[in-house]
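K.L.:
What follows is data.cif, mmCIF, N, CA and C atoms.
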data_start
#
loop_
_atom_site.label_atom_id
_atom_site.label_comp_id
_atom_site.auth_asym_id
_atom_site.auth_seq_id
_atom_site.Cartn_x
_atom_site.Cartn_y
_atom_site.Cartn_z
N MET A 1 -50.99 3.27 -22.63
CA MET A 1 -49.70 2.65 -22.92
C MET A 1 -48.76 3.67 -23.54
N ARG A 2 -49.32 4.48 -24.42
CA ARG A 2 -48.49 5.45 -25.11
C ARG A 2 -47.99 6.52 -24.12
N THR A 3 -48.80 6.88 -23.16
CA THR A 3 -48.37 7.90 -22.20
C THR A 3 -47.26 7.38 -21.29
N ARG A 4 -47.32 6.07 -20.98
CA ARG A 4 -46.24 5.49 -20.17
C ARG A 4 -44.92 5.55 -20.92
N MET A 5 -44.96 5.24 -22.23
CA MET A 5 -43.73 5.26 -23.04
C MET A 5 -43.19 6.68 -23.12
N ASN A 6 -44.08 7.65 -23.32
CA ASN A 6 -43.64 9.05 -23.37
C ASN A 6 -43.09 9.48 -22.01
N LEU A 7 -43.69 8.97 -20.95
CA LEU A 7 -43.21 9.29 -19.61
C LEU A 7 -41.81 8.73 -19.38
N ARG A 8 -41.57 7.52 -19.85
CA ARG A 8 -40.23 6.92 -19.71
C ARG A 8 -39.20 7.70 -20.50
N ARG A 9 -39.57 8.08 -21.72
CA ARG A 9 -38.63 8.86 -22.54
C ARG A 9 -38.33 10.20 -21.87
N GLY A 10 -39.36 10.79 -21.32
CA GLY A 10 -39.19 12.07 -20.65
C GLY A 10 -38.29 11.95 -19.43
N SER A 11 -38.45 10.85 -18.68
CA SER A 11 -37.60 10.67 -17.50
C SER A 11 -36.16 10.40 -17.90
N LEU A 12 -35.97 9.72 -19.01
CA LEU A 12 -34.61 9.50 -19.51
C LEU A 12 -33.97 10.82 -19.93
N LEU A 13 -34.76 11.68 -20.55
CA LEU A 13 -34.23 12.98 -20.95
C LEU A 13 -33.88 13.84 -19.73
N VAL A 14 -34.62 13.68 -18.66
CA VAL A 14 -34.32 14.42 -17.44
C VAL A 14 -33.05 13.88 -16.78
N LEU A 15 -32.87 12.56 -16.83
CA LEU A 15 -31.70 11.94 -16.20
C LEU A 15 -30.43 12.11 -17.02
N LEU A 16 -30.55 12.35 -18.31
CA LEU A 16 -29.38 12.45 -19.18
C LEU A 16 -28.39 13.52 -18.72
N PRO A 17 -28.80 14.75 -18.42
CA PRO A 17 -27.82 15.74 -17.94
C PRO A 17 -27.15 15.33 -16.63
N ILE A 18 -27.89 14.66 -15.75
CA ILE A 18 -27.30 14.20 -14.49
C ILE A 18 -26.22 13.18 -14.76
N LEU A 19 -26.48 12.26 -15.69
CA LEU A 19 -25.49 11.25 -16.04
C LEU A 19 -24.26 11.87 -16.69
N VAL A 20 -24.48 12.87 -17.54
CA VAL A 20 -23.36 13.55 -18.21
C VAL A 20 -22.50 14.28 -17.17
N VAL A 21 -23.13 14.96 -16.22
CA VAL A 21 -22.39 15.67 -15.17
C VAL A 21 -21.62 14.69 -14.31
N ALA A 22 -22.24 13.55 -13.98
CA ALA A 22 -21.56 12.55 -13.16
C ALA A 22 -20.35 11.98 -13.89
N ALA A 23 -20.48 11.72 -15.20
CA ALA A 23 -19.35 11.20 -15.98
C ALA A 23 -18.24 12.24 -16.06
N ALA A 24 -18.60 13.51 -16.25
CA ALA A 24 -17.59 14.56 -16.30
C ALA A 24 -16.89 14.70 -14.95
N SER A 25 -17.64 14.56 -13.87
CA SER A 25 -17.06 14.64 -12.53
C SER A 25 -16.08 13.49 -12.31
N ASP A 26 -16.44 12.29 -12.76
CA ASP A 26 -15.53 11.15 -12.64
C ASP A 26 -14.25 11.37 -13.44
N GLN A 27 -14.38 11.95 -14.62
CA GLN A 27 -13.20 12.23 -15.44
C GLN A 27 -12.30 13.26 -14.77
N LYS A 28 -12.92 14.28 -14.17
CA LYS A 28 -12.12 15.30 -13.48
C LYS A 28 -11.40 14.68 -12.28
N GLN A 29 -12.08 13.84 -11.53
CA GLN A 29 -11.45 13.22 -10.37
C GLN A 29 -10.31 12.31 -10.79
N ALA A 30 -10.49 11.57 -11.90
CA ALA A 30 -9.41 10.72 -12.41
C ALA A 30 -8.21 11.57 -12.83
N ARG A 31 -8.48 12.72 -13.42
CA ARG A 31 -7.41 13.62 -13.83
C ARG A 31 -6.70 14.20 -12.61
N ILE A 32 -7.45 14.58 -11.59
CA ILE A 32 -6.85 15.10 -10.36
C ILE A 32 -5.98 14.03 -9.72
N ASP A 33 -6.47 12.80 -9.66
CA ASP A 33 -5.69 11.70 -9.07
C ASP A 33 -4.40 11.48 -9.84
N ARG A 34 -4.47 11.52 -11.16
CA ARG A 34 -3.28 11.32 -11.99
C ARG A 34 -2.26 12.44 -11.76
N LEU A 35 -2.73 13.68 -11.65
CA LEU A 35 -1.83 14.80 -11.41
C LEU A 35 -1.19 14.71 -10.02
N GLU A 36 -1.97 14.30 -9.02
CA GLU A 36 -1.43 14.16 -7.67
C GLU A 36 -0.35 13.08 -7.61
N ARG A 37 -0.50 12.04 -8.43
CA ARG A 37 0.52 10.98 -8.46
C ARG A 37 1.73 11.36 -9.31
N SER A 38 1.66 12.50 -10.00
CA SER A 38 2.75 12.93 -10.87
C SER A 38 3.72 13.90 -10.20
N VAL A 39 3.39 14.31 -8.98
CA VAL A 39 4.20 15.34 -8.31
C VAL A 39 4.65 14.83 -6.94
N PHE A 40 5.96 14.99 -6.67
CA PHE A 40 6.49 14.67 -5.35
C PHE A 40 6.09 15.74 -4.34
N ALA A 41 5.95 15.34 -3.09
CA ALA A 41 5.79 16.32 -2.02
C ALA A 41 7.14 17.00 -1.84
N PRO A 42 7.21 18.33 -1.95
CA PRO A 42 8.50 19.01 -1.93
C PRO A 42 9.19 19.05 -0.58
N CYS A 43 8.54 18.56 0.46
CA CYS A 43 9.19 18.57 1.77
C CYS A 43 10.24 17.47 1.87
N CYS A 44 10.03 16.35 1.16
CA CYS A 44 10.99 15.26 1.30
C CYS A 44 11.32 14.56 -0.03
N TYR A 45 10.53 14.79 -1.07
CA TYR A 45 10.77 14.19 -2.39
C TYR A 45 10.83 12.67 -2.35
N THR A 46 10.05 12.04 -1.48
CA THR A 46 10.04 10.58 -1.42
C THR A 46 8.69 9.99 -1.78
N GLU A 47 7.61 10.73 -1.55
CA GLU A 47 6.27 10.22 -1.84
C GLU A 47 5.51 11.24 -2.68
N SER A 48 4.55 10.72 -3.45
CA SER A 48 3.75 11.63 -4.26
C SER A 48 2.81 12.42 -3.36
N VAL A 49 2.32 13.51 -3.90
CA VAL A 49 1.37 14.36 -3.18
C VAL A 49 0.10 13.57 -2.86
N ALA A 50 -0.22 12.59 -3.67
CA ALA A 50 -1.45 11.82 -3.48
C ALA A 50 -1.45 11.05 -2.16
N ILE A 51 -0.29 10.59 -1.68
CA ILE A 51 -0.26 9.77 -0.48
C ILE A 51 0.47 10.42 0.69
N HIS A 52 1.23 11.47 0.43
CA HIS A 52 1.98 12.11 1.50
C HIS A 52 1.03 12.90 2.40
N GLN A 53 1.32 12.94 3.70
CA GLN A 53 0.40 13.57 4.64
C GLN A 53 0.94 14.87 5.25
N SER A 54 1.93 15.45 4.63
CA SER A 54 2.45 16.71 5.18
C SER A 54 1.49 17.86 4.85
N GLU A 55 1.69 18.97 5.53
CA GLU A 55 0.82 20.12 5.32
C GLU A 55 0.93 20.64 3.89
N ILE A 56 2.14 20.67 3.36
CA ILE A 56 2.31 21.18 2.00
C ILE A 56 1.67 20.25 0.97
N ALA A 57 1.71 18.95 1.22
CA ALA A 57 1.09 18.01 0.29
C ALA A 57 -0.43 18.19 0.28
N VAL A 58 -1.02 18.41 1.43
CA VAL A 58 -2.47 18.65 1.49
C VAL A 58 -2.82 19.93 0.75
N LYS A 59 -2.01 20.98 0.95
CA LYS A 59 -2.24 22.24 0.23
C LYS A 59 -2.12 22.04 -1.28
N MET A 60 -1.14 21.24 -1.69
CA MET A 60 -0.95 21.00 -3.12
C MET A 60 -2.12 20.21 -3.70
N ARG A 61 -2.66 19.24 -2.95
CA ARG A 61 -3.83 18.50 -3.43
C ARG A 61 -5.02 19.44 -3.64
N LEU A 62 -5.24 20.34 -2.68
CA LEU A 62 -6.33 21.30 -2.82
C LEU A 62 -6.09 22.23 -4.00
N GLU A 63 -4.84 22.65 -4.17
CA GLU A 63 -4.50 23.55 -5.26
C GLU A 63 -4.68 22.87 -6.62
N ILE A 64 -4.29 21.61 -6.73
CA ILE A 64 -4.46 20.87 -7.99
C ILE A 64 -5.94 20.75 -8.32
N ALA A 65 -6.77 20.43 -7.34
CA ALA A 65 -8.21 20.32 -7.59
C ALA A 65 -8.79 21.66 -8.04
N LYS A 66 -8.31 22.75 -7.41
CA LYS A 66 -8.81 24.09 -7.79
C LYS A 66 -8.39 24.44 -9.21
N LEU A 67 -7.12 24.13 -9.56
CA LEU A 67 -6.64 24.44 -10.91
C LEU A 67 -7.37 23.63 -11.97
N VAL A 68 -7.69 22.36 -11.67
CA VAL A 68 -8.45 21.54 -12.62
C VAL A 68 -9.85 22.12 -12.80
N GLU A 69 -10.48 22.54 -11.71
CA GLU A 69 -11.82 23.14 -11.79
C GLU A 69 -11.80 24.44 -12.59
N GLN A 70 -10.69 25.18 -12.51
CA GLN A 70 -10.58 26.43 -13.25
C GLN A 70 -10.29 26.20 -14.73
N GLY A 71 -9.98 24.97 -15.11
CA GLY A 71 -9.77 24.65 -16.52
C GLY A 71 -8.33 24.66 -16.98
N SER A 72 -7.39 24.67 -16.06
CA SER A 72 -5.98 24.63 -16.44
C SER A 72 -5.64 23.27 -17.04
N THR A 73 -4.69 23.27 -17.98
CA THR A 73 -4.27 22.02 -18.60
C THR A 73 -3.28 21.32 -17.67
N ASP A 74 -3.04 20.04 -17.95
CA ASP A 74 -2.07 19.28 -17.15
C ASP A 74 -0.69 19.91 -17.22
N GLU A 75 -0.30 20.35 -18.42
CA GLU A 75 1.02 20.96 -18.60
C GLU A 75 1.15 22.24 -17.79
N GLN A 76 0.09 23.05 -17.75
CA GLN A 76 0.13 24.29 -16.98
C GLN A 76 0.26 23.99 -15.48
N ILE A 77 -0.49 23.00 -15.01
CA ILE A 77 -0.46 22.66 -13.59
C ILE A 77 0.92 22.14 -13.21
N LEU A 78 1.45 21.19 -14.00
CA LEU A 78 2.77 20.64 -13.71
C LEU A 78 3.85 21.71 -13.85
N GLY A 79 3.69 22.60 -14.84
CA GLY A 79 4.63 23.70 -15.04
C GLY A 79 4.67 24.65 -13.86
N THR A 80 3.52 24.84 -13.21
CA THR A 80 3.47 25.68 -12.02
C THR A 80 4.37 25.12 -10.93
N TYR A 81 4.31 23.81 -10.73
CA TYR A 81 5.11 23.20 -9.66
C TYR A 81 6.59 23.11 -10.05
N VAL A 82 6.87 22.93 -11.33
CA VAL A 82 8.27 22.92 -11.78
C VAL A 82 8.88 24.31 -11.58
N ALA A 83 8.10 25.35 -11.90
CA ALA A 83 8.61 26.72 -11.71
C ALA A 83 8.82 27.02 -10.24
N ARG A 84 7.96 26.48 -9.38
CA ARG A 84 8.04 26.78 -7.95
C ARG A 84 9.12 25.96 -7.24
N TYR A 85 9.23 24.66 -7.57
CA TYR A 85 10.12 23.78 -6.81
C TYR A 85 11.26 23.17 -7.63
N GLY A 86 11.28 23.36 -8.92
CA GLY A 86 12.32 22.78 -9.76
C GLY A 86 11.87 21.48 -10.40
N GLY A 87 12.68 20.98 -11.32
CA GLY A 87 12.32 19.80 -12.10
C GLY A 87 12.25 18.51 -11.31
N LYS A 88 12.91 18.47 -10.16
CA LYS A 88 12.91 17.22 -9.41
C LYS A 88 11.59 16.96 -8.70
N VAL A 89 10.65 17.90 -8.77
CA VAL A 89 9.35 17.70 -8.14
C VAL A 89 8.47 16.75 -8.96
N LEU A 90 8.80 16.59 -10.25
CA LEU A 90 8.01 15.69 -11.10
C LEU A 90 8.46 14.25 -10.93
N ILE A 91 7.49 13.36 -10.88
CA ILE A 91 7.78 11.93 -10.74
C ILE A 91 7.91 11.34 -12.14
N ASP A 92 9.03 10.68 -12.37
CA ASP A 92 9.24 9.99 -13.64
C ASP A 92 8.53 8.65 -13.56
N PRO A 93 7.56 8.39 -14.44
CA PRO A 93 6.82 7.12 -14.35
C PRO A 93 7.71 5.90 -14.51
N ALA A 94 8.84 6.06 -15.20
CA ALA A 94 9.72 4.91 -15.39
C ALA A 94 10.45 4.53 -14.10
N THR A 95 10.66 5.51 -13.22
CA THR A 95 11.40 5.23 -12.00
C THR A 95 10.51 5.19 -10.76
N ALA A 96 9.23 5.46 -10.92
CA ALA A 96 8.33 5.44 -9.76
C ALA A 96 8.16 4.01 -9.27
N PRO A 97 8.14 3.81 -7.97
CA PRO A 97 7.97 2.45 -7.45
C PRO A 97 6.58 1.91 -7.79
N GLN A 98 6.55 0.65 -8.17
CA GLN A 98 5.28 0.00 -8.47
C GLN A 98 4.63 -0.50 -7.18
N GLU A 99 3.36 -0.84 -7.26
CA GLU A 99 2.65 -1.31 -6.08
C GLU A 99 3.26 -2.58 -5.51
N TRP A 100 3.76 -3.47 -6.35
CA TRP A 100 4.32 -4.73 -5.88
C TRP A 100 5.63 -4.52 -5.15
N SER A 101 6.31 -3.40 -5.41
CA SER A 101 7.62 -3.19 -4.79
C SER A 101 7.52 -3.01 -3.28
N TYR A 102 6.35 -2.67 -2.76
CA TYR A 102 6.20 -2.54 -1.32
C TYR A 102 6.15 -3.91 -0.65
N LEU A 103 5.94 -4.97 -1.41
CA LEU A 103 5.91 -6.32 -0.87
C LEU A 103 7.31 -6.92 -0.72
N VAL A 104 8.27 -6.38 -1.43
CA VAL A 104 9.62 -6.95 -1.44
C VAL A 104 10.22 -7.06 -0.03
N PRO A 105 10.16 -6.03 0.82
CA PRO A 105 10.74 -6.20 2.17
C PRO A 105 10.06 -7.30 2.96
N TRP A 106 8.75 -7.45 2.81
CA TRP A 106 8.04 -8.50 3.53
C TRP A 106 8.44 -9.88 3.04
N ILE A 107 8.60 -10.02 1.73
CA ILE A 107 9.03 -11.31 1.17
C ILE A 107 10.43 -11.66 1.66
N VAL A 108 11.32 -10.67 1.68
CA VAL A 108 12.68 -10.90 2.16
C VAL A 108 12.65 -11.29 3.64
N ALA A 109 11.80 -10.63 4.43
CA ALA A 109 11.72 -10.95 5.86
C ALA A 109 11.22 -12.38 6.08
N VAL A 110 10.21 -12.80 5.33
CA VAL A 110 9.69 -14.15 5.48
C VAL A 110 10.73 -15.19 5.06
N LEU A 111 11.42 -14.92 3.94
CA LEU A 111 12.46 -15.84 3.51
C LEU A 111 13.61 -15.89 4.52
N GLY A 112 13.96 -14.75 5.10
CA GLY A 112 15.01 -14.73 6.12
C GLY A 112 14.62 -15.52 7.36
N MET A 113 13.37 -15.38 7.79
CA MET A 113 12.92 -16.16 8.96
C MET A 113 12.90 -17.65 8.64
N GLY A 114 12.51 -18.00 7.41
CA GLY A 114 12.54 -19.41 7.02
C GLY A 114 13.95 -19.96 7.01
N ALA A 115 14.90 -19.17 6.50
CA ALA A 115 16.30 -19.61 6.48
C ALA A 115 16.85 -19.75 7.90
N ALA A 116 16.50 -18.82 8.78
CA ALA A 116 16.95 -18.91 10.17
C ALA A 116 16.36 -20.13 10.86
N ALA A 117 15.08 -20.41 10.62
CA ALA A 117 14.45 -21.59 11.21
C ALA A 117 15.10 -22.87 10.70
N ALA A 118 15.41 -22.91 9.39
CA ALA A 118 16.07 -24.10 8.82
C ALA A 118 17.45 -24.28 9.43
N MET A 119 18.19 -23.18 9.62
CA MET A 119 19.53 -23.27 10.20
C MET A 119 19.46 -23.77 11.64
N LEU A 120 18.52 -23.22 12.42
CA LEU A 120 18.37 -23.68 13.81
C LEU A 120 17.96 -25.16 13.86
N TRP A 121 17.11 -25.58 12.95
CA TRP A 121 16.68 -26.98 12.91
C TRP A 121 17.87 -27.89 12.61
N ARG A 122 18.72 -27.49 11.66
CA ARG A 122 19.91 -28.29 11.33
C ARG A 122 20.87 -28.36 12.51
N TRP A 123 21.08 -27.26 13.21
CA TRP A 123 21.96 -27.25 14.37
C TRP A 123 21.42 -28.19 15.44
N ARG A 124 20.12 -28.18 15.64
CA ARG A 124 19.51 -29.05 16.64
C ARG A 124 19.70 -30.51 16.27
N LEU A 125 19.46 -30.84 14.99
CA LEU A 125 19.65 -32.22 14.54
C LEU A 125 21.10 -32.65 14.67
N ALA A 126 22.02 -31.75 14.37
CA ALA A 126 23.45 -32.08 14.49
C ALA A 126 23.82 -32.31 15.94
N ARG A 127 23.30 -31.53 16.84
CA ARG A 127 23.60 -31.70 18.26
C ARG A 127 23.01 -33.01 18.78
N LEU A 128 21.82 -33.38 18.32
CA LEU A 128 21.21 -34.64 18.74
C LEU A 128 21.98 -35.84 18.20
N ALA A 129 22.57 -35.70 17.02
CA ALA A 129 23.33 -36.79 16.42
C ALA A 129 24.63 -37.02 17.17
N VAL A 130 25.23 -35.99 17.74
CA VAL A 130 26.49 -36.10 18.46
C VAL A 130 26.27 -36.61 19.88
N THR A 131 25.18 -36.26 20.51
CA THR A 131 24.91 -36.66 21.89
C THR A 131 24.68 -38.17 21.94
N PRO A 132 25.47 -38.90 22.79
CA PRO A 132 25.29 -40.35 22.86
C PRO A 132 23.96 -40.69 23.55
N ALA A 133 23.42 -41.80 23.15
CA ALA A 133 22.19 -42.27 23.76
C ALA A 133 22.51 -42.80 25.15
N VAL A 134 21.67 -42.60 26.09
CA VAL A 134 21.88 -43.04 27.46
C VAL A 134 21.13 -44.35 27.67
N ASN A 135 21.86 -45.34 28.19
CA ASN A 135 21.24 -46.63 28.51
C ASN A 135 20.92 -46.60 29.99
N PHE A 136 19.65 -46.51 30.32
CA PHE A 136 19.25 -46.36 31.70
C PHE A 136 19.44 -47.65 32.52
N ALA A 137 19.67 -48.77 31.88
CA ALA A 137 19.91 -50.00 32.62
C ALA A 137 21.28 -49.96 33.30
N ASP A 138 22.24 -49.23 32.73
CA ASP A 138 23.58 -49.15 33.29
C ASP A 138 23.75 -48.02 34.30
N VAL A 139 22.73 -47.19 34.46
CA VAL A 139 22.85 -46.05 35.35
C VAL A 139 22.59 -46.50 36.78
N ALA A 140 23.51 -46.12 37.66
CA ALA A 140 23.36 -46.46 39.08
C ALA A 140 22.57 -45.37 39.75
N LEU A 141 21.47 -45.73 40.35
CA LEU A 141 20.64 -44.76 41.05
C LEU A 141 21.15 -44.60 42.47
N PRO A 142 21.05 -43.45 43.05
CA PRO A 142 21.52 -43.23 44.42
C PRO A 142 20.65 -44.03 45.39
N ASP A 143 21.26 -44.44 46.48
CA ASP A 143 20.55 -45.20 47.49
C ASP A 143 19.84 -44.20 48.40
N LEU A 144 18.53 -44.20 48.31
CA LEU A 144 17.74 -43.28 49.09
C LEU A 144 17.13 -44.02 50.27
N PRO A 145 16.97 -43.35 51.38
CA PRO A 145 16.36 -44.03 52.53
C PRO A 145 14.91 -44.37 52.21
N ASP A 146 14.47 -45.40 52.80
CA ASP A 146 13.12 -45.88 52.58
C ASP A 146 12.20 -45.13 53.53
N PHE A 147 11.34 -44.33 53.02
CA PHE A 147 10.46 -43.53 53.85
C PHE A 147 9.28 -44.33 54.40
N ASP A 148 9.00 -45.49 53.82
CA ASP A 148 7.89 -46.30 54.28
C ASP A 148 8.19 -46.94 55.64
N ASP A 149 9.46 -47.17 55.97
CA ASP A 149 9.83 -47.85 57.21
C ASP A 149 9.64 -46.92 58.42
N GLU A 150 9.63 -45.71 58.27
CA GLU A 150 9.57 -44.79 59.39
C GLU A 150 8.20 -44.61 59.90
#
Output the file's structure in the form of structure tokens.

P.N.:
Amino acid sequence: MRTRMNLRRGSLLVLLPILVVAAASDQKQARIDRLERSVFAPCCYTESVAIHQSEIAVKMRLEIAKLVEQGSTDEQILGTYVARYGGKVLIDPATAPQEWSYLVPWIVAVLGMGAAAAMLWRWRLARLAVTPAVNFADVALPDLPDFDDE
């Protein structure tokens, strides 16, 4: 029994460095992701490097990962891009679009289609209200030859 307990403790001690390395790797990846979302792609200044698919954005993602691995601070990394492309390359978190803002055009489109459908429905009802009802008892049918007699 005692050897099993020592064996478990020993296995935990072996796994501890692996867990520490994995946690450090997760922290580095989170830092890389945060830095990529902090810099505009300099080709168009509309999307962050994290989501833009231009060649320069891919190069910048690789460069950010390399600089983080080399131990550069966030300020040094961001300063590199400010020196290279100017201050407008940095994304201001206060003005960056939120995730929900991408839904706004879709919501407007759905509301617009609903308003158009309601307008067409009202026009149809108004046209039906103006059209007089036809009394088929008063309608004279044309005199057609009797095909049964032939």

K.L.:
Would you translate the PyMOL selection byres (((chain A and resi 69 and name CA) around 12) and name CA) into the concrete set of residues it matches in this file, as a compact mmCIF listing (two decimals) with N, CA and C atoms, in the coordinates of the input?

P.N.:
# COMPACT_ATOMS: atom_id res chain seq x y z
N ALA A 24 -18.60 13.51 -16.25
CA ALA A 24 -17.59 14.56 -16.30
C ALA A 24 -16.89 14.70 -14.95
N SER A 25 -17.64 14.56 -13.87
CA SER A 25 -17.06 14.64 -12.53
C SER A 25 -16.08 13.49 -12.31
N GLN A 27 -14.38 11.95 -14.62
CA GLN A 27 -13.20 12.23 -15.44
C GLN A 27 -12.30 13.26 -14.77
N LYS A 28 -12.92 14.28 -14.17
CA LYS A 28 -12.12 15.30 -13.48
C LYS A 28 -11.40 14.68 -12.28
N GLN A 29 -12.08 13.84 -11.53
CA GLN A 29 -11.45 13.22 -10.37
C GLN A 29 -10.31 12.31 -10.79
N ARG A 31 -8.48 12.72 -13.42
CA ARG A 31 -7.41 13.62 -13.83
C ARG A 31 -6.70 14.20 -12.61
N ILE A 32 -7.45 14.58 -11.59
CA ILE A 32 -6.85 15.10 -10.36
C ILE A 32 -5.98 14.03 -9.72
N LEU A 62 -5.24 20.34 -2.68
CA LEU A 62 -6.33 21.30 -2.82
C LEU A 62 -6.09 22.23 -4.00
N GLU A 63 -4.84 22.65 -4.17
CA GLU A 63 -4.50 23.55 -5.26
C GLU A 63 -4.68 22.87 -6.62
N ILE A 64 -4.29 21.61 -6.73
CA ILE A 64 -4.46 20.87 -7.99
C ILE A 64 -5.94 20.75 -8.32
N ALA A 65 -6.77 20.43 -7.34
CA ALA A 65 -8.21 20.32 -7.59
C ALA A 65 -8.79 21.66 -8.04
N LYS A 66 -8.31 22.75 -7.41
CA LYS A 66 -8.81 24.09 -7.79
C LYS A 66 -8.39 24.44 -9.21
N LEU A 67 -7.12 24.13 -9.56
CA LEU A 67 -6.64 24.44 -10.91
C LEU A 67 -7.37 23.63 -11.97
N VAL A 68 -7.69 22.36 -11.67
CA VAL A 68 -8.45 21.54 -12.62
C VAL A 68 -9.85 22.12 -12.80
N GLN A 70 -10.69 25.18 -12.51
CA GLN A 70 -10.58 26.43 -13.25
C GLN A 70 -10.29 26.20 -14.73
N GLY A 71 -9.98 24.97 -15.11
CA GLY A 71 -9.77 24.65 -16.52
C GLY A 71 -8.33 24.66 -16.98
N SER A 72 -7.39 24.67 -16.06
CA SER A 72 -5.98 24.63 -16.44
C SER A 72 -5.64 23.27 -17.04
N THR A 73 -4.69 23.27 -17.98
CA THR A 73 -4.27 22.02 -18.60
C THR A 73 -3.28 21.32 -17.67
N ASP A 74 -3.04 20.04 -17.95
CA ASP A 74 -2.07 19.28 -17.15
C ASP A 74 -0.69 19.91 -17.22
N ILE A 77 -0.49 23.00 -15.01
CA ILE A 77 -0.46 22.66 -13.59
C ILE A 77 0.92 22.14 -13.21

K.L.:
Enter the distance from CA of Glu47 (chain A) to CA of Gln76 (chain A), in Å, rounded to one decimal.

P.N.:
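Distance between the two atoms: 21.6 Å.
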
K.L.:
Could you tell me how far CA of Val110 (chain A) lies from CA of Arg124 (chain A), in Å and to one decimal?

P.N.:
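One can read the CA of Val110 (chain A) to CA of Arg124 (chain A) distance as 21.0 Å.
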
K.L.:
Compare A:His52, A:Leu78, A:Gly112, A:Leu125 by their minimum atom-to-atom distance to Arg34 (chain A), counting only C-alpha atoms, and give me the closest one.

P.N.:
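The answer is A:Leu78, which sits nearest to Arg34 (chain A).
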
K.L.:
Report as a PyMOL selection string the residues that result from applying the PyMOL selection byres (((chain A and resi 83-86 and name CA) around 12) and name CA) to the structure here.

P.N.:
chain A and resi 39-45+60+75-82+87-91

K.L.:
Could you expand the PyMOL selection byres ((chain A and resi 50) around 5) into the explicit residues it covers here, written as a list in words?

P.N.:
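Residues picked by the PyMOL selection byres ((chain A and resi 50) around 5): Glu36, Arg37, Ser48, Val49, Ile51 and His52 of chain A.
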
K.L.:
Quick one, how far is CA of Gln53 (chain A) from CA of Ser101 (chain A)?

P.N.:
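Result for CA of Gln53 (chain A) versus CA of Ser101 (chain A): 20.5 Å, one decimal.
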